[in-house]
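Trainee: Please read through the structure below; I'll follow up with questions.
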Amino acid sequence: MNAPLLRLYIAGKSLSSQRAEQNLDKIRSLVAAHFTFEIVDVLERPELAEKAGILATPTLAYEHTERPRRIVGDISDIKKILEFLGIEGKEEMQ
Amino acid sequence: MNSAHLSSGDQTELRFLVDKNADGIVVVDEFGTILFANPATEALFGRTPDSLVGSPVGVPLFTGETTEITIHKPGGDQIDAEIRVVETKWGGKPALLASIRDISVRKALEEQRRHTNKMEAIGRLTAGIAHDFNNLLTVVLGNLEYARRRMAESSPLLKPLENAARGARRAATLTERLLAFARRKPLEPKLVDSNALVLGMSELLERTLGESTKIRTILAEDLWTIEVDPTELETAILNLAVNARDAMPDGGEVVIETSNIELDESYASAEMEVTPGSYIQIAVTDNGTGMAPDVLRQVFEPFFTTKRDGNGTGLGLSQVYGFTKQSGGHVQLYSEPGHGTTAKIYLPKARGSAPVQANTKKPAENFPAARNGETLLVVEDDQDVRNYAVSSLKELGYTIYAAGDGFSALELLKQNPTIQLLLTDLGLPGGMDGKMLASQARQLRSDLKVLIMTAYAWNALVQDGRLQAGVDLLTKPFSASALACHVREILDREQKSALPAGKILVVDDQPLLRTFVVDALASAGFQLEEAQNFNQALARVRMLSAELTGAIIDIGLPDRRGDQLVPEIRKIRPDLPILLATGFGQDAFRSQFFSDQKLRILEKPFSPEQLIDELRKLGVVK
């Protein structure tokens, strides 16, 4: 079975996009083993954003077959995000 | 919004508030699906509130009170928005209420402010470096020239010395450009008819831009007069035109357009640092490669260039930026990659002046005119430029002979001994250039004064060392007033200077600079007194009083500023000729001492010749 996918939609090099990318790196460092990660720049691939119905960026999409979920914003509240996604962090998480 | 606790009247009011709220308000469920959207969301998302309900926007999870997102409208438009979230219940289930505010305008202003601050900071840094460099260059150039004069013509050291001096002079040109960007270049504002100025540049532009670039001008009738430094304005237009050409490697058209424009409050508030009022606009447009937004943001920064090595200094647009700002205007660039660029210079209408009538040439009141019977020879192969020079000088009362090449010029000189000054272009046809003409003419008539006009080839003139004594340079493009002043100054200049008895006081705390000035003046035969600071200088003036024939004062002194010394000296010697030496900020001092006839501002870097020339203008040297 493929590892579930976390896909971050961003818009170019805007400040919030950059912040979201940094936060995604943190999440990746915590749960890298269990997920695959992907970043989609909606300015470069508008068709992907449209297909997924992305209204705003940054948006983090958890492409889970049973319970797909989406988070909008700079995904700075990592602890809540992992909880929300139903992902257990490693012991670094308090 | 826990509706369970509200009466029906409260709910109606609450509904009213939500519906009329300028912020977009959405309620999302715990999976991020929109349950409710108020009418204001339509403008934000470009979709009806009804169609938003059910869309998976996502759960807003972030730390802090607010976060920024970018909303993507159908069709590709974007809005920067700030969201704020509170927990609530909707239909009895936990939900989140997010209020969404459009901050695109605020973000744009912030970005502009940030950019302005950055340009200010770069400007301060640039001015500081240029100022200190000017001081050092004064020392370097002065001493090199001093050494050069004492060197036998046959010395093998002559060439290296000249090379060093040439390098230093180039550095001085560079600091001048940096000062232009930092808005510290001394400007000489005059009433300018920009249409006439643009037309007067057509020859220069055609020659500079080359054949593959066509130039078209669209000039507004009744264009307002502006009060700016005409030479700098010409440089700015030339810089923009050169950029336009370089953006069109396969050739194309550059359009220069002038117009009157009123900038109102709304424009001014959208553009930082713009005062509402009447402006003229000079727009330079090309249909070239254009610039991407990230390039556009940086183009005014000094040394930023997209041109290949050696093709650009990165200081062209910096000059445009510095000049327009310093002149109370501003510059705007509009560019689209693949389509072209328009640069618009806005310069404020001159206060209280009527538009200049195109065809009523007023006698040039402010220009220094000819004295009885003064005769000039103008040599220029380009008919337009020649006509321009001849007619401007004739208007001032000079008797003019004109020639199109060096040989006929020499003939005229032989036939007309009344010719006092030779005004020649550097580039002449027929194998004799302006420089050769000058030296042959001087062999005929050793007292003949020479003014060489040139746009590009400074180096050709100074390559073999300094300019020949008695030869002056007029840099193209020049205004009629620059021409008039230059000619007058040269004619008034006496070849032999008689030194007066008496001492000159040199006040400077930097030993190198002081030594240079003292050496330069001593070798010209002056007697000198030195002071290192304000108090010492004042003591010297009190002690020597009538013995002094002049003072050279640096602005930056350790104890008190040099300009504050002037009123103190004036109490003792109201008529003492004073030279105030400064690296920048001349304008402020110029206006401060505007009414003082016995004071001149000396700009750094200066050569021994300039120093003595300034003393001459003050009457210290006859």
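Each chain in the structure tokens gets a letter, A, B and so on, in the order shown; residues start at 1 in every chain, and ligands are counted from 1 in the order they appear.
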Give me, as a PDB file with all heavy atoms, in the first residue's frame, the residues of chain B touching chain A, with the criterion being at most 7 Å (counting only C-alpha atoms).
Mentor:
```pdb
ATOM      1  N   PHE B  31     -14.648  19.549   9.112  1.00  0.00           N
ATOM      2  CA  PHE B  31     -13.836  18.990   8.029  1.00  0.00           C
ATOM      3  C   PHE B  31     -13.432  20.046   7.011  1.00  0.00           C
ATOM      4  O   PHE B  31     -12.833  19.729   5.988  1.00  0.00           O
ATOM      5  CB  PHE B  31     -14.602  17.860   7.330  1.00  0.00           C
ATOM      6  CG  PHE B  31     -14.996  16.778   8.285  1.00  0.00           C
ATOM      7  CD1 PHE B  31     -16.312  16.636   8.693  1.00  0.00           C
ATOM      8  CD2 PHE B  31     -14.031  15.926   8.815  1.00  0.00           C
ATOM      9  CE1 PHE B  31     -16.660  15.648   9.591  1.00  0.00           C
ATOM     10  CE2 PHE B  31     -14.377  14.946   9.722  1.00  0.00           C
ATOM     11  CZ  PHE B  31     -15.703  14.801  10.131  1.00  0.00           C
ATOM     12  N   GLY B  32     -13.816  21.285   7.268  1.00  0.00           N
ATOM     13  CA  GLY B  32     -13.386  22.357   6.377  1.00  0.00           C
ATOM     14  C   GLY B  32     -14.354  22.643   5.244  1.00  0.00           C
ATOM     15  O   GLY B  32     -14.029  23.348   4.288  1.00  0.00           O
ATOM     16  N   VAL B  57     -13.180  24.396   1.604  1.00  0.00           N
ATOM     17  CA  VAL B  57     -12.128  25.432   1.680  1.00  0.00           C
ATOM     18  C   VAL B  57     -11.017  24.982   2.605  1.00  0.00           C
ATOM     19  O   VAL B  57      -9.850  25.338   2.449  1.00  0.00           O
ATOM     20  CB  VAL B  57     -12.716  26.784   2.127  1.00  0.00           C
ATOM     21  CG1 VAL B  57     -13.194  26.752   3.565  1.00  0.00           C
ATOM     22  CG2 VAL B  57     -11.699  27.901   1.941  1.00  0.00           C
ATOM     23  N   GLY B  58     -11.318  24.187   3.579  1.00  0.00           N
ATOM     24  CA  GLY B  58     -10.296  23.715   4.522  1.00  0.00           C
ATOM     25  C   GLY B  58     -10.512  24.312   5.891  1.00  0.00           C
ATOM     26  O   GLY B  58     -11.163  25.348   6.050  1.00  0.00           O
ATOM     27  N   VAL B  59      -9.947  23.635   6.889  1.00  0.00           N
ATOM     28  CA  VAL B  59     -10.075  24.121   8.259  1.00  0.00           C
ATOM     29  C   VAL B  59      -8.967  25.135   8.525  1.00  0.00           C
ATOM     30  O   VAL B  59      -7.800  24.856   8.258  1.00  0.00           O
ATOM     31  CB  VAL B  59      -9.924  22.949   9.265  1.00  0.00           C
ATOM     32  CG1 VAL B  59     -10.166  23.436  10.683  1.00  0.00           C
ATOM     33  CG2 VAL B  59     -10.876  21.839   8.906  1.00  0.00           C
ATOM     34  N   PRO B  60      -9.329  26.322   8.984  1.00  0.00           N
ATOM     35  CA  PRO B  60      -8.271  27.290   9.294  1.00  0.00           C
ATOM     36  C   PRO B  60      -7.594  26.963  10.625  1.00  0.00           C
ATOM     37  O   PRO B  60      -8.123  27.287  11.681  1.00  0.00           O
ATOM     38  CB  PRO B  60      -9.002  28.633   9.351  1.00  0.00           C
ATOM     39  CG  PRO B  60     -10.445  28.309   9.506  1.00  0.00           C
ATOM     40  CD  PRO B  60     -10.670  26.870   9.215  1.00  0.00           C
ATOM     41  N   LEU B  61      -6.459  26.297  10.532  1.00  0.00           N
ATOM     42  CA  LEU B  61      -5.709  25.937  11.747  1.00  0.00           C
ATOM     43  C   LEU B  61      -4.388  26.674  11.734  1.00  0.00           C
ATOM     44  O   LEU B  61      -3.548  26.430  10.877  1.00  0.00           O
ATOM     45  CB  LEU B  61      -5.415  24.430  11.752  1.00  0.00           C
ATOM     46  CG  LEU B  61      -6.501  23.486  12.212  1.00  0.00           C
ATOM     47  CD1 LEU B  61      -5.961  22.063  12.213  1.00  0.00           C
ATOM     48  CD2 LEU B  61      -6.997  23.864  13.595  1.00  0.00           C
ATOM     49  N   PHE B  62      -4.204  27.604  12.649  1.00  0.00           N
ATOM     50  CA  PHE B  62      -2.936  28.331  12.687  1.00  0.00           C
ATOM     51  C   PHE B  62      -2.749  28.897  14.074  1.00  0.00           C
ATOM     52  O   PHE B  62      -3.695  29.005  14.849  1.00  0.00           O
ATOM     53  CB  PHE B  62      -2.909  29.443  11.638  1.00  0.00           C
ATOM     54  CG  PHE B  62      -4.097  30.361  11.698  1.00  0.00           C
ATOM     55  CD1 PHE B  62      -4.081  31.475  12.526  1.00  0.00           C
ATOM     56  CD2 PHE B  62      -5.240  30.109  10.946  1.00  0.00           C
ATOM     57  CE1 PHE B  62      -5.174  32.319  12.593  1.00  0.00           C
ATOM     58  CE2 PHE B  62      -6.332  30.945  11.020  1.00  0.00           C
ATOM     59  CZ  PHE B  62      -6.308  32.062  11.843  1.00  0.00           C
ATOM     60  N   THR B  63      -1.540  29.240  14.374  1.00  0.00           N
ATOM     61  CA  THR B  63      -1.268  29.851  15.669  1.00  0.00           C
ATOM     62  C   THR B  63      -1.429  31.361  15.541  1.00  0.00           C
ATOM     63  O   THR B  63      -1.351  31.909  14.449  1.00  0.00           O
ATOM     64  CB  THR B  63       0.173  29.554  16.117  1.00  0.00           C
ATOM     65  OG1 THR B  63       1.036  29.958  15.066  1.00  0.00           O
ATOM     66  CG2 THR B  63       0.375  28.076  16.382  1.00  0.00           C
ATOM     67  N   THR B  67      -4.077  35.057  10.226  1.00  0.00           N
ATOM     68  CA  THR B  67      -3.070  34.607   9.264  1.00  0.00           C
ATOM     69  C   THR B  67      -3.462  35.150   7.903  1.00  0.00           C
ATOM     70  O   THR B  67      -4.599  35.586   7.689  1.00  0.00           O
ATOM     71  CB  THR B  67      -2.954  33.077   9.246  1.00  0.00           C
ATOM     72  OG1 THR B  67      -1.775  32.728   8.516  1.00  0.00           O
ATOM     73  CG2 THR B  67      -4.152  32.429   8.565  1.00  0.00           C
ATOM     74  N   GLU B  68      -2.486  35.135   7.007  1.00  0.00           N
ATOM     75  CA  GLU B  68      -2.758  35.653   5.669  1.00  0.00           C
ATOM     76  C   GLU B  68      -2.906  34.509   4.691  1.00  0.00           C
ATOM     77  O   GLU B  68      -2.161  33.537   4.746  1.00  0.00           O
ATOM     78  CB  GLU B  68      -1.607  36.555   5.208  1.00  0.00           C
ATOM     79  CG  GLU B  68      -1.716  37.945   5.754  1.00  0.00           C
ATOM     80  CD  GLU B  68      -0.521  38.808   5.357  1.00  0.00           C
ATOM     81  OE1 GLU B  68       0.113  38.497   4.336  1.00  0.00           O
ATOM     82  OE2 GLU B  68      -0.252  39.770   6.088  1.00  0.00           O
ATOM     83  N   ILE B  69      -3.889  34.652   3.804  1.00  0.00           N
ATOM     84  CA  ILE B  69      -4.029  33.676   2.734  1.00  0.00           C
ATOM     85  C   ILE B  69      -4.193  34.425   1.413  1.00  0.00           C
ATOM     86  O   ILE B  69      -4.418  35.630   1.398  1.00  0.00           O
ATOM     87  CB  ILE B  69      -5.260  32.748   2.944  1.00  0.00           C
ATOM     88  CG1 ILE B  69      -6.533  33.584   3.040  1.00  0.00           C
ATOM     89  CG2 ILE B  69      -5.074  31.869   4.173  1.00  0.00           C
ATOM     90  CD1 ILE B  69      -7.796  32.766   2.963  1.00  0.00           C
ATOM     91  N   THR B  70      -4.037  33.691   0.344  1.00  0.00           N
ATOM     92  CA  THR B  70      -4.300  34.256  -0.976  1.00  0.00           C
ATOM     93  C   THR B  70      -5.526  33.549  -1.536  1.00  0.00           C
ATOM     94  O   THR B  70      -5.552  32.323  -1.593  1.00  0.00           O
ATOM     95  CB  THR B  70      -3.101  34.024  -1.908  1.00  0.00           C
ATOM     96  OG1 THR B  70      -1.934  34.547  -1.272  1.00  0.00           O
ATOM     97  CG2 THR B  70      -3.301  34.729  -3.237  1.00  0.00           C
ATOM     98  N   ILE B  71      -6.534  34.334  -1.903  1.00  0.00           N
ATOM     99  CA  ILE B  71      -7.741  33.742  -2.473  1.00  0.00           C
ATOM    100  C   ILE B  71      -7.616  33.758  -3.985  1.00  0.00           C
ATOM    101  O   ILE B  71      -7.205  34.771  -4.572  1.00  0.00           O
ATOM    102  CB  ILE B  71      -8.993  34.531  -2.034  1.00  0.00           C
ATOM    103  CG1 ILE B  71      -9.145  34.434  -0.517  1.00  0.00           C
ATOM    104  CG2 ILE B  71     -10.233  34.006  -2.741  1.00  0.00           C
ATOM    105  CD1 ILE B  71     -10.215  35.324   0.050  1.00  0.00           C
ATOM    106  N   HIS B  72      -7.908  32.622  -4.593  1.00  0.00           N
ATOM    107  CA  HIS B  72      -7.802  32.527  -6.051  1.00  0.00           C
ATOM    108  C   HIS B  72      -9.193  32.546  -6.657  1.00  0.00           C
ATOM    109  O   HIS B  72      -9.970  31.629  -6.465  1.00  0.00           O
ATOM    110  CB  HIS B  72      -7.054  31.254  -6.440  1.00  0.00           C
ATOM    111  CG  HIS B  72      -5.672  31.214  -5.856  1.00  0.00           C
ATOM    112  ND1 HIS B  72      -4.583  31.752  -6.477  1.00  0.00           N
ATOM    113  CD2 HIS B  72      -5.220  30.752  -4.658  1.00  0.00           C
ATOM    114  CE1 HIS B  72      -3.511  31.599  -5.720  1.00  0.00           C
ATOM    115  NE2 HIS B  72      -3.871  30.999  -4.599  1.00  0.00           N
TER     116      HIS B  72
END
```
Trainee: In chain A, what's strand (DSSP E or B) per DSSP? Answer as a PyMOL selection string?
Mentor: chain A and resi 5-10+36-41+56-57+59-63+69-72
Trainee: Find the spatial neighbours of Arg7 of chain A, counting only C-alpha atoms, within a cut-off of 8 Å - ignore same-chain residues fewer than 2 positions away - and output them as a list in words.
Mentor: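 The residues that qualify are Leu5, Tyr9, Phe37, Glu38, Ile39, Val40, Leu60, Ala61, Tyr62 and Glu63 of chain A.
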Trainee: As an exercise, work out the distance from atom CA of Arg351 of chain B to atom CA of Lys185 of chain B in Å and give it to one decimal place.
Mentor: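 Taking atom CA of Arg351 of chain B as the start and atom CA of Lys185 of chain B as the end point, the length is 22.4 Å.
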Trainee: At what distance in Å, to one decimal, does atom CA of Leu444 of chain B lie from atom CA of Lys414 of chain B?
Mentor: 7.7 Å
Trainee: Find the residues near Ala171 of chain B: any atom within 9 Å, counting only C-alpha atoms, skip ones fewer than 3 places away on the same chain, and give them as a list in words.
Mentor: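 The filter keeps Phe133, Asn134, Leu137, Arg166, Gly167, Ala168, Leu174, Thr175 and Glu176 of chain B.
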Trainee: Put those residues in a file: C-alpha atoms, as an mmCIF file, in the first residue's frame.
Mentor:
```cif
data_model
loop_
_atom_site.group_PDB
_atom_site.id
_atom_site.type_symbol
_atom_site.label_atom_id
_atom_site.label_comp_id
_atom_site.auth_asym_id
_atom_site.auth_seq_id
_atom_site.Cartn_x
_atom_site.Cartn_y
_atom_site.Cartn_z
ATOM 1 C CA PHE B 133 35.394 59.032 -1.671
ATOM 2 C CA ASN B 134 35.242 62.572 -2.953
ATOM 3 C CA LEU B 137 39.853 61.512 -4.609
ATOM 4 C CA ARG B 166 42.784 58.953 -15.438
ATOM 5 C CA GLY B 167 41.642 56.209 -13.130
ATOM 6 C CA ALA B 168 40.995 58.689 -10.356
ATOM 7 C CA LEU B 174 31.360 57.435 -10.611
ATOM 8 C CA THR B 175 30.936 59.267 -7.318
ATOM 9 C CA GLU B 176 29.114 61.999 -9.201
#
```
Trainee: Run DSSP on the backbone and give me the residues of segment 39-142 of chain B it puts in alpha helix (DSSP H), as a count of residues only.
Mentor: 48
Trainee: Using only C-alpha atoms, which residues sit within 9 Å of segment 548-556 of chain B once same-chain residues fewer than 4 positions away are excluded, as JSON, numbers by chain?
Mentor: {"B": [500, 501, 502, 503, 504, 505, 506, 507, 508, 509, 517, 529, 541, 544, 560, 561, 562, 563, 564, 565, 566, 576, 577, 578, 579, 580, 581, 582, 583, 602, 615, 618, 620]}
Trainee: Quick one: everything within 12 Å of Asp587 of chain B, counting only C-alpha atoms, minus sequence neighbours fewer than 3 positions away in the same chain. Send it as a list in words.
Mentor: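 Returned residues: Arg183, Arg184, Lys185, Pro186, Leu187, Glu188, Pro189, Gln326, Ser327, Thr582, Gly583, Phe584, Arg590, Ser591, Gln592, Phe593, Phe594, Arg600, Ile601, Leu602 and Glu603 of chain B.
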Trainee: Can you list, as a list in words, every protein, DNA or RNA residue that comes within 6 Å of Thr225 of chain B when you count only C-alpha atoms, leaving out same-chain residues fewer than 2 positions away?
Mentor: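 The contact residues come out as Val192, Asp193, Lys349, Ala350 and Pro355 of chain B.
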Trainee: Give me a file of those residues, with N, CA and C atoms, as a short mmCIF file (atom, residue, chain, number, x, y, z; two decimals), in the first residue's frame.
Mentor:
```cif
data_model
loop_
_atom_site.label_atom_id
_atom_site.label_comp_id
_atom_site.auth_asym_id
_atom_site.auth_seq_id
_atom_site.Cartn_x
_atom_site.Cartn_y
_atom_site.Cartn_z
N VAL B 192 12.36 75.53 -17.65
CA VAL B 192 12.64 74.70 -18.81
C VAL B 192 11.36 74.44 -19.60
N ASP B 193 11.43 74.63 -20.90
CA ASP B 193 10.37 74.21 -21.80
C ASP B 193 10.75 72.82 -22.29
N LYS B 349 5.06 71.41 -12.13
CA LYS B 349 4.93 72.67 -12.87
C LYS B 349 5.63 73.76 -12.08
N ALA B 350 6.33 74.63 -12.79
CA ALA B 350 7.02 75.73 -12.11
C ALA B 350 5.99 76.65 -11.49
N PRO B 355 2.79 79.10 -19.34
CA PRO B 355 3.43 78.19 -20.29
C PRO B 355 4.31 78.99 -21.25
#
```
Trainee: Nearest to Gly430 of chain B among B:Gly210, B:Pro605, B:Pro94, B:Gly404, with distances taken over only C-alpha atoms: which residue is it?
Mentor: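 Smallest distance to Gly430 of chain B is found for B:Gly404.
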Trainee: Interatomic distance between atom CA of Asn387 of chain B and atom CA of Ala402 of chain B?
Mentor: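 These atoms are spaced 9.0 Å apart.
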Trainee: Calculated over only C-alpha atoms, which of the candidates B:Arg207, B:Arg106, B:Phe323, B:Arg47 has the smallest distance to Val242 of chain B?
Mentor: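 Smallest separation from Val242 of chain B among the options: B:Arg207.
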Trainee: Tell me which of B:Val255, B:Val379, B:Ile400, B:Leu512 sits closest to Val450 of chain B, counting only C-alpha atoms.
Mentor: B:Val379
